[in-house]
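Novice: Pasting data-v5.cif below, which is mmCIF, C-alpha atoms (C1' of nucleotides).
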```
data_entry
#
loop_
_atom_site.label_atom_id
_atom_site.label_comp_id
_atom_site.auth_asym_id
_atom_site.auth_seq_id
_atom_site.Cartn_x
_atom_site.Cartn_y
_atom_site.Cartn_z
CA MET A 1 -14.99 -2.11 -18.51
CA ALA A 2 -11.53 -2.30 -17.03
CA PRO A 3 -9.51 -5.49 -17.46
CA GLN A 4 -9.19 -5.60 -13.68
CA ASN A 5 -6.42 -7.55 -12.14
CA PRO A 6 -7.86 -7.53 -8.67
CA ASN A 7 -5.06 -9.18 -6.79
CA LEU A 8 -4.28 -8.55 -3.18
CA ASP A 9 -1.33 -6.31 -4.02
CA THR A 10 -3.45 -3.75 -5.81
CA ILE A 11 -6.36 -4.02 -3.40
CA PHE A 12 -4.32 -3.41 -0.28
CA ALA A 13 -2.25 -0.72 -1.98
CA ALA A 14 -5.49 1.02 -2.94
CA LEU A 15 -6.74 0.81 0.65
CA ALA A 16 -3.48 2.18 2.04
CA ASP A 17 -4.36 5.76 1.10
CA PRO A 18 -6.70 7.69 3.43
CA THR A 19 -8.19 9.73 0.59
CA ARG A 20 -9.16 6.57 -1.24
CA ARG A 21 -10.66 5.01 1.88
CA ALA A 22 -12.64 8.19 2.42
CA ILE A 23 -13.90 7.97 -1.15
CA LEU A 24 -15.07 4.42 -0.51
CA GLY A 25 -16.84 5.64 2.59
CA MET A 26 -18.62 8.31 0.58
CA LEU A 27 -19.65 5.85 -2.11
CA LEU A 28 -21.02 3.58 0.59
CA GLU A 29 -23.85 6.07 0.95
CA ASP A 30 -24.48 6.97 -2.66
CA ASP A 31 -23.24 6.66 -6.21
CA MET A 32 -21.53 9.92 -7.14
CA SER A 33 -20.04 11.78 -10.08
CA VAL A 34 -16.29 12.33 -10.20
CA THR A 35 -16.75 16.02 -9.54
CA ASP A 36 -18.95 15.36 -6.52
CA VAL A 37 -16.46 12.85 -5.17
CA ALA A 38 -13.73 15.45 -5.47
CA ALA A 39 -15.72 18.25 -3.85
CA PRO A 40 -14.87 17.67 -0.16
CA PHE A 41 -11.16 17.24 -0.77
CA GLU A 42 -8.56 19.92 -1.02
CA VAL A 43 -6.57 18.30 -3.80
CA SER A 44 -7.15 18.89 -7.48
CA LEU A 45 -9.77 17.12 -9.54
CA ALA A 46 -7.02 15.43 -11.51
CA ALA A 47 -5.65 13.95 -8.32
CA ILE A 48 -9.05 12.53 -7.41
CA SER A 49 -9.40 11.20 -10.93
CA LYS A 50 -6.18 9.29 -10.41
CA HIS A 51 -7.36 7.95 -7.07
CA LEU A 52 -10.55 6.75 -8.71
CA ALA A 53 -8.53 5.02 -11.42
CA VAL A 54 -6.59 3.19 -8.72
CA LEU A 55 -9.82 2.08 -7.06
CA VAL A 56 -11.21 0.90 -10.39
CA ALA A 57 -8.03 -1.04 -11.13
CA ALA A 58 -8.32 -2.69 -7.72
CA GLY A 59 -11.90 -3.69 -8.49
CA LEU A 60 -13.20 -1.73 -5.52
CA ILE A 61 -15.40 0.64 -7.50
CA GLY A 62 -16.96 0.73 -10.94
CA GLN A 63 -17.53 3.66 -13.28
CA GLU A 64 -20.31 4.13 -15.78
CA ARG A 65 -20.64 7.06 -18.10
CA ARG A 66 -24.12 8.51 -18.52
CA GLY A 67 -24.03 11.59 -20.68
CA ARG A 68 -21.08 13.70 -19.70
CA ILE A 69 -21.15 12.48 -16.13
CA ILE A 70 -19.20 9.44 -15.02
CA TRP A 71 -20.90 7.76 -12.10
CA CYS A 72 -18.80 5.97 -9.53
CA LYS A 73 -20.32 3.16 -7.54
CA LEU A 74 -18.99 0.83 -4.90
CA GLU A 75 -18.09 -2.70 -5.97
CA PRO A 76 -18.32 -4.52 -2.66
CA GLU A 77 -17.29 -7.84 -4.14
CA GLY A 78 -13.90 -6.33 -4.85
CA LEU A 79 -13.11 -6.44 -1.16
CA ARG A 80 -14.01 -10.08 -0.74
CA SER A 81 -10.65 -11.64 -1.51
CA ALA A 82 -8.83 -9.21 0.73
CA SER A 83 -11.38 -9.62 3.49
CA VAL A 84 -11.17 -13.37 3.26
CA TRP A 85 -7.40 -13.23 3.37
CA MET A 86 -7.39 -11.03 6.45
CA GLN A 87 -9.93 -13.04 8.38
CA GLY A 88 -7.43 -15.87 8.40
CA PHE A 89 -5.50 -14.02 11.05
CA GLY A 90 -6.98 -12.84 14.29
CA GLN A 91 -8.86 -15.73 15.81
CA PHE A 92 -11.74 -15.40 13.31
CA GLU A 93 -13.69 -13.17 15.62
CA PRO A 94 -17.08 -11.86 14.61
CA VAL A 95 -17.07 -8.31 13.35
CA ASP A 96 -18.55 -5.54 15.42
CA LEU A 97 -20.44 -3.23 13.10
CA ASP A 98 -20.57 -0.44 15.65
CA ASP A 99 -16.79 -0.47 15.59
CA PHE A 100 -16.99 -0.12 11.85
CA GLU A 101 -19.23 2.91 12.01
CA ARG A 102 -16.84 4.58 14.40
CA PHE A 103 -13.83 3.88 12.22
CA LEU A 104 -15.57 5.08 9.11
CA LEU A 105 -16.56 8.40 10.63
CA THR A 106 -13.10 8.95 12.04
CA GLU A 107 -11.64 8.33 8.63
CA LEU A 108 -14.00 10.69 6.89
CA GLU A 109 -13.36 13.48 9.33
CA ALA A 110 -9.63 13.05 9.10
CA ALA A 111 -9.55 12.96 5.33
CA HIS A 112 -11.34 16.19 4.48
CA PRO A 113 -12.10 19.33 6.48
CA ASP A 114 -15.85 18.69 6.28
CA PRO A 115 -17.11 21.93 4.77
CA ASP A 116 -20.90 21.51 4.83
CA GLU A 117 -21.56 18.46 6.92
CA GLN A 118 -23.75 18.68 9.97
CA PRO A 119 -23.55 15.88 12.56
CA MET B 1 9.46 -2.06 21.79
CA ALA B 2 8.35 0.04 18.84
CA PRO B 3 6.13 3.06 19.49
CA GLN B 4 3.64 1.60 17.00
CA ASN B 5 1.30 3.88 15.20
CA PRO B 6 -0.99 1.17 13.95
CA ASN B 7 -3.28 3.21 11.78
CA LEU B 8 -4.98 1.91 8.70
CA ASP B 9 -2.48 3.61 6.40
CA THR B 10 0.47 1.64 7.71
CA ILE B 11 -1.47 -1.59 8.10
CA PHE B 12 -2.78 -1.65 4.55
CA ALA B 13 0.54 -0.46 3.15
CA ALA B 14 2.23 -3.31 4.99
CA LEU B 15 -0.26 -5.79 3.57
CA ALA B 16 0.20 -4.48 0.03
CA ASP B 17 3.50 -6.30 -0.41
CA PRO B 18 3.38 -9.99 -1.34
CA THR B 19 6.61 -10.79 0.47
CA ARG B 20 5.21 -9.35 3.68
CA ARG B 21 1.94 -11.23 3.29
CA ALA B 22 3.91 -14.40 2.72
CA ILE B 23 5.87 -13.71 5.89
CA LEU B 24 2.61 -13.34 7.81
CA GLY B 25 1.49 -16.66 6.37
CA MET B 26 4.66 -18.33 7.53
CA LEU B 27 4.31 -16.86 11.01
CA LEU B 28 0.75 -18.14 11.14
CA GLU B 29 2.22 -21.60 11.50
CA ASP B 30 5.13 -20.90 13.83
CA ASP B 31 7.20 -18.23 15.50
CA MET B 32 10.46 -17.91 13.58
CA SER B 33 13.87 -16.27 13.73
CA VAL B 34 14.68 -13.53 11.24
CA THR B 35 17.10 -15.80 9.42
CA ASP B 36 14.52 -18.56 9.12
CA VAL B 37 11.93 -16.10 7.86
CA ALA B 38 14.37 -14.96 5.20
CA ALA B 39 15.38 -18.46 4.12
CA PRO B 40 12.69 -19.16 1.47
CA PHE B 41 13.08 -15.81 -0.24
CA GLU B 42 15.56 -14.82 -2.88
CA VAL B 43 16.17 -11.32 -1.57
CA SER B 44 18.89 -10.40 0.89
CA LEU B 45 18.58 -10.77 4.63
CA ALA B 46 18.71 -7.00 4.96
CA ALA B 47 15.67 -6.70 2.74
CA ILE B 48 13.72 -9.16 4.89
CA SER B 49 14.85 -7.31 7.98
CA LYS B 50 13.31 -4.16 6.54
CA HIS B 51 10.08 -5.97 5.71
CA LEU B 52 9.90 -7.22 9.27
CA ALA B 53 10.42 -3.70 10.56
CA VAL B 54 7.47 -2.56 8.45
CA LEU B 55 5.30 -5.33 9.86
CA VAL B 56 6.33 -4.43 13.40
CA ALA B 57 5.55 -0.76 12.79
CA ALA B 58 2.12 -1.77 11.51
CA GLY B 59 1.52 -3.80 14.66
CA LEU B 60 1.09 -6.99 12.66
CA ILE B 61 3.98 -8.87 14.22
CA GLY B 62 6.07 -8.62 17.37
CA GLN B 63 9.74 -9.33 17.90
CA GLU B 64 11.43 -10.62 21.00
CA ARG B 65 15.14 -11.14 21.39
CA ARG B 66 16.24 -14.29 23.17
CA GLY B 67 19.98 -14.62 23.11
CA ARG B 68 21.26 -13.68 19.71
CA ILE B 69 18.07 -14.79 17.99
CA ILE B 70 15.19 -12.40 17.45
CA TRP B 71 11.92 -14.28 17.37
CA CYS B 72 9.10 -13.00 15.22
CA LYS B 73 5.53 -13.80 16.15
CA LEU B 74 2.20 -12.92 14.67
CA GLU B 75 0.19 -10.19 16.40
CA PRO B 76 -3.30 -11.03 15.24
CA GLU B 77 -4.88 -8.10 17.06
CA GLY B 78 -2.97 -5.82 14.72
CA LEU B 79 -5.32 -6.77 11.93
CA ARG B 80 -8.48 -6.06 13.87
CA SER B 81 -8.96 -2.42 12.96
CA ALA B 82 -8.32 -3.10 9.30
CA SER B 83 -10.56 -6.13 9.31
CA VAL B 84 -13.32 -4.21 11.01
CA TRP B 85 -12.99 -1.39 8.54
CA MET B 86 -13.18 -3.71 5.56
CA GLN B 87 -16.16 -5.67 6.77
CA GLY B 88 -18.17 -2.49 6.48
CA PHE B 89 -18.21 -2.97 2.75
CA GLY B 90 -19.43 -6.07 1.00
CA GLN B 91 -22.78 -6.94 2.48
CA PHE B 92 -21.25 -8.23 5.72
CA GLU B 93 -21.14 -11.75 4.41
CA PRO B 94 -19.76 -14.54 6.55
CA VAL B 95 -16.22 -15.52 5.75
CA ASP B 96 -15.44 -18.83 4.12
CA LEU B 97 -12.37 -20.25 5.81
CA ASP B 98 -11.73 -22.71 3.02
CA ASP B 99 -11.38 -19.72 0.73
CA PHE B 100 -8.81 -18.37 3.13
CA GLU B 101 -6.73 -21.53 3.09
CA ARG B 102 -6.70 -21.46 -0.68
CA PHE B 103 -5.63 -17.82 -0.84
CA LEU B 104 -2.93 -18.34 1.71
CA LEU B 105 -1.36 -21.25 -0.15
CA THR B 106 -1.54 -19.41 -3.45
CA GLU B 107 0.20 -16.47 -1.88
CA LEU B 108 2.96 -18.57 -0.39
CA GLU B 109 3.64 -20.33 -3.65
CA ALA B 110 3.69 -17.09 -5.58
CA ALA B 111 5.96 -15.28 -3.19
CA HIS B 112 8.98 -17.55 -3.30
CA PRO B 113 10.03 -19.92 -6.05
CA ASP B 114 9.89 -22.88 -3.70
CA PRO B 115 13.47 -24.00 -4.14
CA ASP B 116 12.98 -27.69 -3.37
CA GLU B 117 9.67 -28.27 -5.06
CA GLN B 118 9.54 -30.37 -8.22
CA PRO B 119 7.33 -29.00 -10.99
"C1'" DA C 1 40.13 -12.18 23.72
"C1'" DG C 2 38.89 -13.40 19.16
"C1'" DC C 3 35.95 -15.81 15.78
"C1'" DT C 4 31.29 -16.82 14.35
"C1'" DT C 5 26.43 -16.27 14.17
"C1'" DA C 6 22.44 -13.15 14.03
"C1'" DC C 7 20.77 -9.18 12.75
"C1'" DT C 8 20.51 -3.94 11.81
"C1'" DT C 9 22.13 0.38 9.85
"C1'" DA C 10 24.08 3.32 6.31
"C1'" DA C 11 24.48 4.86 1.87
"C1'" DC C 12 23.15 4.38 -2.54
"C1'" DT C 13 20.04 3.19 -6.75
"C1'" DG C 14 15.99 2.72 -9.62
"C1'" DA C 15 11.04 2.46 -9.58
"C1'" DT C 16 6.66 3.94 -8.01
"C1'" DG C 17 3.25 7.18 -5.93
"C1'" DG C 18 0.74 11.34 -5.03
"C1'" DG C 19 0.65 15.86 -6.16
"C1'" DT C 20 0.71 19.82 -9.45
"C1'" DT C 21 -0.57 22.61 -13.86
"C1'" DG C 22 -2.07 22.92 -18.42
"C1'" DA C 23 -3.72 20.96 -22.54
"C1'" DA C 24 -6.85 17.48 -24.59
"C1'" DT C 25 -11.22 14.96 -25.09
"C1'" DA C 26 -16.24 14.15 -24.65
"C1'" DT C 27 -20.87 15.64 -24.16
"C1'" DT C 28 -24.60 18.74 -23.57
"C1'" DG C 29 -27.10 23.27 -24.13
"C1'" DG C 30 -27.94 27.52 -26.52
"C1'" DC D 1 -21.33 25.64 -34.53
"C1'" DC D 2 -19.69 27.46 -30.22
"C1'" DA D 3 -19.25 27.70 -25.38
"C1'" DA D 4 -19.55 25.54 -21.05
"C1'" DT D 5 -19.24 21.40 -18.19
"C1'" DA D 6 -17.10 16.96 -16.95
"C1'" DT D 7 -13.24 14.29 -16.93
"C1'" DT D 8 -8.81 12.50 -18.40
"C1'" DC D 9 -3.98 12.83 -20.17
"C1'" DA D 10 0.79 14.48 -20.31
"C1'" DA D 11 4.70 16.21 -18.38
"C1'" DC D 12 6.87 17.19 -14.55
"C1'" DC D 13 8.39 17.47 -9.21
"C1'" DC D 14 9.52 15.44 -5.00
"C1'" DA D 15 9.04 11.92 -1.52
"C1'" DT D 16 8.81 7.24 -0.38
"C1'" DC D 17 9.96 2.33 -1.19
"C1'" DA D 18 12.12 -2.10 -2.26
"C1'" DG D 19 16.25 -3.60 -3.30
"C1'" DT D 20 21.45 -3.74 -3.14
"C1'" DT D 21 26.27 -4.03 -0.74
"C1'" DA D 22 29.17 -3.03 2.97
"C1'" DA D 23 29.97 -1.86 7.48
"C1'" DG D 24 28.33 -1.97 12.35
"C1'" DT D 25 26.42 -4.05 16.63
"C1'" DA D 26 25.20 -7.81 19.68
"C1'" DA D 27 25.58 -12.28 21.75
"C1'" DG D 28 27.38 -16.93 22.13
"C1'" DC D 29 31.50 -20.32 21.53
"C1'" DT D 30 35.97 -21.99 22.45
#
```
Would you mind writing the file out in structure tokens?
Specialist:
Amino acid sequence: MAPQNPNLDTIFAALADPTRRAILGMLLEDDMSVTDVAAPFEVSLAAISKHLAVLVAAGLIGQERRGRIIWCKLEPEGLRSASVWMQGFGQFEPVDLDDFERFLLTELEAAHPDPDEQP
Amino acid sequence: MAPQNPNLDTIFAALADPTRRAILGMLLEDDMSVTDVAAPFEVSLAAISKHLAVLVAAGLIGQERRGRIIWCKLEPEGLRSASVWMQGFGQFEPVDLDDFERFLLTELEAAHPDPDEQP
DNA sequence: AGCTTACTTAACTGATGGGTTGAATATTGG
DNA sequence: CCAATATTCAACCCATCAGTTAAGTAAGCT
């Protein structure tokens, strides 16, 4: 629904914030409502709403209203251009997915104090 | 020489600026002096010097002084953590290097007005 | 030594970003 | 309709950022 100007500027700027990366990590597991996305964080709901708007503008997530709940879902294609750009540097090595898992968890732990999670 | 805290915040923030991405693209071809890096851009040398400092802090480039010239070189490993993080999204598709070439050229053209090019 | 080249630092400005609180809007349930 | 839930919008605060100009530092040249 958004006009979406998914250029590299907005994509990388969106990824530069740890809260937003944590949100992406959460949405990697499940689609979530705005309220549920906001739950683990200490900042206000309005702040999270703004973060989500940034992610939508960057084309990294999509939002769909069903009833009074707005569902947020990952838009993996939004990362393609940035990913392609980055792969140009760094010897084009294959990606280690275990590394990714480790990074993702580290990010999530760092971003919110993890109230009800059990490892 | 910099203490370098190459976390994802600083890396993505560094990549969010088109001038800095263009600089990375230039350094992909050759190591360059600060003055030469600054040449194609319309902003002041001081501004480019700051951009380079940001890239160094992000671990994306390195600088080495030889004589009175400071040489800037790409540090491809600096992108690894960010690249790994990103690949976690987007179905883990293989990267199309032709796409990369296209993006890189587009970026370079957009970043500086290409003083000696004839439209 | 003194001038020139190469670059950084300092001090300032205007714009943007992330945060807040409080009011506004939308939708559902009683 | 009215109240509660879900989310955004508006107005503001403060910090950071990209840019400027001007001065400062460092190294080579003659």
Novice: Could you please determine the separation between CA of Ala82 (chain A) and CA of Ala57 (chain A) in Å, to one decimal place?
Specialist: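 CA of Ala82 (chain A) sits 14.4 Å away from CA of Ala57 (chain A).
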Novice: Counting all atoms listed in the file, which residues of chain B come no farther than 9 Å from chain D, as a list in words?
Specialist: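 So the contacting residues turn out to be Val43, Ser44, Ala47, Gly67, Arg68 and Ile69 of chain B.
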Novice: What do you get, as a ChimeraX atom specification, if you spell out every residue that the PyMOL selection byres ((chain B and resi 13) around 12) selects here?
Specialist: /A:8-18 /B:6-12,14-18,20-21,51,54-55,57-58,60,82 /D:16-17
Novice: What is the distance between CA of Glu29 (chain A) and CA of Ile70 (chain A), in Å to one decimal?
Specialist: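 If I compute the distance from CA of Glu29 (chain A) to CA of Ile70 (chain A), I get 17.0 Å.
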Novice: For region 31-35 of chain A, work out the shell of residues within 6 Å, counting only C-alpha atoms (C1' of nucleotides) and skipping chain neighbours fewer than 6 positions away, then give it as a list in words.
Specialist: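 Here the qualifying residues turn out to be Ile70, Trp71, Cys72 and Lys73 of chain A.
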Novice: I need the residues from that last selection saved to file as a PDB file, in the frame of the given file (with C-alpha atoms), if you can.
Specialist:
```pdb
ATOM      1  CA  ILE A  70     -19.200   9.440 -15.020  1.00  0.00           C
ATOM      2  CA  TRP A  71     -20.900   7.760 -12.100  1.00  0.00           C
ATOM      3  CA  CYS A  72     -18.800   5.970  -9.530  1.00  0.00           C
ATOM      4  CA  LYS A  73     -20.320   3.160  -7.540  1.00  0.00           C
TER       5      LYS A  73
END
```
Novice: Compute the set of chain C residues within 9 Å of chain B, using all atoms listed in the file, and express it as a compact mmCIF listing (two decimals) with C-alpha atoms (C1' of nucleotides), in the frame of the given file.
Specialist:
```
# COMPACT_ATOMS: atom_id res chain seq x y z
C1' DT C 5 26.43 -16.27 14.17
C1' DA C 6 22.44 -13.15 14.03
C1' DC C 7 20.77 -9.18 12.75
C1' DT C 8 20.51 -3.94 11.81
```
Novice: Could you check how far CA of Met26 (chain A) sits from CA of Val56 (chain A), in Å to one decimal?
Specialist: 15.2 Å
Novice: For Val37 (chain B), which residue among B:Met86, B:Ile23, B:Gly62, B:Pro76 is the nearest when counting all atoms listed in the file?
Specialist: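 Under the stated criterion, the closest residue is B:Ile23.
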